[in-house]
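Contents: one structure, followed by commentary.
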Amino acid sequence: FLDDNTRNLVSRALEQDRAGLEVARNHGVLEAEINSMINLGLDHSGSGNTNCALAALQDAEALLRRDEWLRWRFDLRRQEALTRYWVEEGDLSEAQTHARALLEAARHYEAHKYVALAHMLRAEIAMAGGHPESAEIEIEAARDELERYPAPLVAWKAHGLRARVYSSRGKGVAAEKAYAAARDVARNIADHIADSELRQRFEVLVSRSLGVTLV
């Protein structure tokens, strides 16, 4: 179920990504076309429109076959999107396959943000599968990667997920500290967003994810 704010955000994202896709196609910019197609896959997946999500990601894969140099860069995002798609579908085995592929590729290319994202996705899969111990191992691996290679836009989400994992393990104090870390990172990001509309959209996203209001 999507609340009104989230539905509006998804609708706006779809509109922008469709427009970006059309511009990219009209100007023959393959890189931008692939990026917009993957974004559409993530948008549809987030809204529960799984058929459109899979179709967009399959289209992105076809586009990636045209250019080997672009493939490794964008295939990381595609593997992330496919992992999220299969989690939404409830097929944890398939999700794990793509999360593993993402982790291996991210390590190979030393794409540290995606190494952290892969561990976060593996933690989500473990939680969904009823394996909180494995989830804790994965989310702490994500935290360690982000401590070595900071990426604030990923870090606040990692802290929030870490808090949920700790809560599931009965580690209340650790969960509170992780939530506080998530709020602090998110608040710092919001404070540096000059565009008021973009800042508001980010704050809505944080509120939905963490259940807190940034003030």
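Letters A, B, ... go to the chains of the structure tokens in the order shown; residues in each chain start at 1; ligands are counted from 1 in the same order.
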
Please provide as a PyMOL selection string all residues within 12 Å of Asn51 (chain A), with the sequence filter that same-chain residues fewer than 6 positions apart are discarded (counting only C-alpha atoms).
-> chain A and resi 40-45+57-58+85-86+88-89

Leu205 (chain A) environment, 9 Å, only C-alpha atoms, sequence neighbours closer than 3 positions dropped, as a VMD selection string = chain A and resid 5 to 6 9 200 to 202 208 to 210

If you keep C-alpha atoms, can you produce a file of those selected residues as a PDB file, in the first residue's frame?
ATOM      1  CA  ASN A   5       2.888  11.286  -0.572  1.00  0.00           C
ATOM      2  CA  THR A   6       4.642   8.166  -1.798  1.00  0.00           C
ATOM      3  CA  LEU A   9       6.615  10.788  -5.566  1.00  0.00           C
ATOM      4  CA  GLN A 200      10.831  18.214   0.661  1.00  0.00           C
ATOM      5  CA  ARG A 201      10.787  15.084  -1.509  1.00  0.00           C
ATOM      6  CA  PHE A 202      13.865  13.789   0.279  1.00  0.00           C
ATOM      7  CA  ARG A 208       8.490   7.001   5.096  1.00  0.00           C
ATOM      8  CA  SER A 209      11.633   4.904   5.552  1.00  0.00           C
ATOM      9  CA  LEU A 210      12.518   5.770   9.150  1.00  0.00           C
TER      10      LEU A 210
END

Measuring atom to atom with only C-alpha atoms, identify which of A:Val165, A:Val115, A:Leu14, A:Cys52 is nearest to Ala128 (chain A).
->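 With only C-alpha atoms as the atom set, the closest residue is A:Val165.
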
Would you kindly return, as a PyMOL selection string, each protein, DNA or RNA residue with an atom no farther than 12 Å from any atom of region 94-109 of chain A, considering only C-alpha atoms and excluding same-chain residues fewer than 4 positions away?
-> chain A and resi 71-90+113-126+128-129+138+141-142+145

Convert the current residue selection to file output with N, CA, C and O atoms, as a compact mmCIF listing (two decimals), in the first residue's frame.
# COMPACT_ATOMS: atom_id res chain seq x y z
N ARG A 71 28.22 -1.51 -20.54
CA ARG A 71 27.58 -2.65 -19.88
C ARG A 71 28.00 -2.78 -18.42
O ARG A 71 27.16 -2.90 -17.54
N TRP A 72 29.31 -2.75 -18.14
CA TRP A 72 29.73 -2.99 -16.76
C TRP A 72 29.25 -1.88 -15.84
O TRP A 72 28.90 -2.12 -14.69
N ARG A 73 29.20 -0.64 -16.35
CA ARG A 73 28.77 0.48 -15.52
C ARG A 73 27.29 0.37 -15.15
O ARG A 73 26.92 0.54 -13.99
N PHE A 74 26.48 0.09 -16.15
CA PHE A 74 25.04 0.09 -15.90
C PHE A 74 24.52 -1.26 -15.46
O PHE A 74 23.42 -1.36 -14.91
N ASP A 75 25.29 -2.31 -15.68
CA ASP A 75 24.81 -3.62 -15.25
C ASP A 75 24.77 -3.72 -13.73
O ASP A 75 23.98 -4.49 -13.17
N LEU A 76 25.57 -2.94 -13.04
CA LEU A 76 25.49 -2.89 -11.58
C LEU A 76 24.11 -2.40 -11.15
O LEU A 76 23.46 -3.00 -10.28
N ARG A 77 23.65 -1.32 -11.77
CA ARG A 77 22.31 -0.79 -11.44
C ARG A 77 21.23 -1.77 -11.85
O ARG A 77 20.21 -1.90 -11.16
N ARG A 78 21.44 -2.43 -12.98
CA ARG A 78 20.43 -3.38 -13.45
C ARG A 78 20.33 -4.57 -12.48
O ARG A 78 19.22 -5.02 -12.16
N GLN A 79 21.47 -5.05 -12.00
CA GLN A 79 21.44 -6.16 -11.04
C GLN A 79 20.77 -5.73 -9.73
O GLN A 79 20.02 -6.50 -9.12
N GLU A 80 21.03 -4.50 -9.31
CA GLU A 80 20.36 -3.98 -8.12
C GLU A 80 18.85 -3.96 -8.33
O GLU A 80 18.07 -4.41 -7.47
N ALA A 81 18.42 -3.43 -9.48
CA ALA A 81 16.99 -3.34 -9.77
C ALA A 81 16.35 -4.72 -9.87
O ALA A 81 15.22 -4.92 -9.37
N LEU A 82 17.03 -5.67 -10.48
CA LEU A 82 16.48 -7.03 -10.59
C LEU A 82 16.38 -7.69 -9.21
O LEU A 82 15.41 -8.41 -8.94
N THR A 83 17.35 -7.43 -8.35
CA THR A 83 17.27 -7.98 -6.99
C THR A 83 16.03 -7.44 -6.29
O THR A 83 15.26 -8.20 -5.68
N ARG A 84 15.81 -6.13 -6.39
CA ARG A 84 14.65 -5.53 -5.74
C ARG A 84 13.35 -6.07 -6.35
O ARG A 84 12.36 -6.30 -5.64
N TYR A 85 13.36 -6.26 -7.66
CA TYR A 85 12.17 -6.81 -8.32
C TYR A 85 11.82 -8.18 -7.78
O TYR A 85 10.67 -8.44 -7.43
N TRP A 86 12.81 -9.08 -7.67
CA TRP A 86 12.52 -10.44 -7.21
C TRP A 86 12.18 -10.49 -5.73
O TRP A 86 11.41 -11.36 -5.30
N VAL A 87 12.71 -9.55 -4.95
CA VAL A 87 12.28 -9.46 -3.55
C VAL A 87 10.80 -9.10 -3.49
O VAL A 87 10.03 -9.70 -2.72
N GLU A 88 10.40 -8.11 -4.30
CA GLU A 88 8.99 -7.72 -4.34
C GLU A 88 8.10 -8.88 -4.78
O GLU A 88 6.99 -9.03 -4.29
N GLU A 89 8.62 -9.70 -5.68
CA GLU A 89 7.86 -10.85 -6.17
C GLU A 89 7.84 -12.01 -5.17
O GLU A 89 7.06 -12.95 -5.33
N GLY A 90 8.70 -11.93 -4.15
CA GLY A 90 8.75 -13.00 -3.16
C GLY A 90 9.61 -14.18 -3.55
O GLY A 90 9.61 -15.21 -2.86
N LYS A 113 30.26 1.74 -3.50
CA LYS A 113 28.86 2.01 -3.17
C LYS A 113 28.00 0.78 -3.46
O LYS A 113 27.13 0.41 -2.65
N TYR A 114 28.27 0.13 -4.56
CA TYR A 114 27.48 -1.04 -4.93
C TYR A 114 27.86 -2.27 -4.11
O TYR A 114 27.02 -3.17 -3.94
N VAL A 115 29.08 -2.32 -3.61
CA VAL A 115 29.43 -3.38 -2.66
C VAL A 115 28.54 -3.25 -1.43
O VAL A 115 27.95 -4.23 -0.96
N ALA A 116 28.42 -2.03 -0.92
CA ALA A 116 27.56 -1.80 0.24
C ALA A 116 26.10 -2.10 -0.08
O ALA A 116 25.40 -2.74 0.71
N LEU A 117 25.63 -1.66 -1.23
CA LEU A 117 24.24 -1.92 -1.63
C LEU A 117 23.96 -3.41 -1.75
O LEU A 117 22.89 -3.89 -1.36
N ALA A 118 24.93 -4.15 -2.29
CA ALA A 118 24.75 -5.60 -2.41
C ALA A 118 24.60 -6.25 -1.05
O ALA A 118 23.74 -7.11 -0.84
N HIS A 119 25.43 -5.84 -0.10
CA HIS A 119 25.31 -6.39 1.26
C HIS A 119 23.97 -6.00 1.89
O HIS A 119 23.35 -6.81 2.60
N MET A 120 23.52 -4.78 1.64
CA MET A 120 22.22 -4.35 2.16
C MET A 120 21.09 -5.19 1.59
O MET A 120 20.18 -5.61 2.31
N LEU A 121 21.15 -5.44 0.29
CA LEU A 121 20.12 -6.26 -0.34
C LEU A 121 20.15 -7.68 0.19
O LEU A 121 19.10 -8.30 0.43
N ARG A 122 21.35 -8.22 0.40
CA ARG A 122 21.46 -9.57 0.96
C ARG A 122 20.92 -9.61 2.39
O ARG A 122 20.34 -10.61 2.82
N ALA A 123 21.08 -8.50 3.12
CA ALA A 123 20.50 -8.42 4.46
C ALA A 123 18.97 -8.42 4.39
O ALA A 123 18.29 -9.09 5.19
N GLU A 124 18.41 -7.67 3.44
CA GLU A 124 16.95 -7.63 3.27
C GLU A 124 16.41 -9.01 2.90
O GLU A 124 15.36 -9.43 3.39
N ILE A 125 17.14 -9.70 2.03
CA ILE A 125 16.72 -11.05 1.63
C ILE A 125 16.76 -12.00 2.82
O ILE A 125 15.85 -12.81 3.02
N ALA A 126 17.82 -11.89 3.61
CA ALA A 126 17.93 -12.75 4.79
C ALA A 126 16.80 -12.47 5.77
O ALA A 126 16.23 -13.41 6.36
N ALA A 128 13.82 -11.27 5.04
CA ALA A 128 12.58 -11.78 4.44
C ALA A 128 12.50 -13.30 4.53
O ALA A 128 11.41 -13.87 4.62
N GLY A 129 13.66 -13.95 4.54
CA GLY A 129 13.70 -15.41 4.63
C GLY A 129 13.73 -15.93 6.05
O GLY A 129 13.81 -17.15 6.25
N GLU A 138 25.45 -9.39 7.07
CA GLU A 138 25.47 -8.64 5.82
C GLU A 138 25.40 -7.14 6.05
O GLU A 138 26.13 -6.37 5.42
N ALA A 141 28.60 -5.78 7.24
CA ALA A 141 29.56 -5.71 6.13
C ALA A 141 29.31 -4.43 5.32
O ALA A 141 30.27 -3.77 4.88
N ALA A 142 28.03 -4.09 5.12
CA ALA A 142 27.69 -2.85 4.42
C ALA A 142 28.19 -1.64 5.20
O ALA A 142 28.77 -0.71 4.63
N GLU A 145 31.94 -1.24 4.82
CA GLU A 145 32.30 -0.72 3.51
C GLU A 145 32.06 0.78 3.44
O GLU A 145 32.89 1.53 2.89

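Counting from CA of Asn39 (chain A), the distance to CA of Val204 (chain A) is 19.2 Å.
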
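Taking CA of Tyr179 (chain A) and CA of Asp91 (chain A) as endpoints, the distance between them is 28.6 Å.
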
Skip region 23-34 of chain A itself and residues of its chain fewer than 6 positions away, then list as number ranges by chain all residues within 8 Å of it, counting only C-alpha atoms.
-> A: 60, 63-64, 70, 74
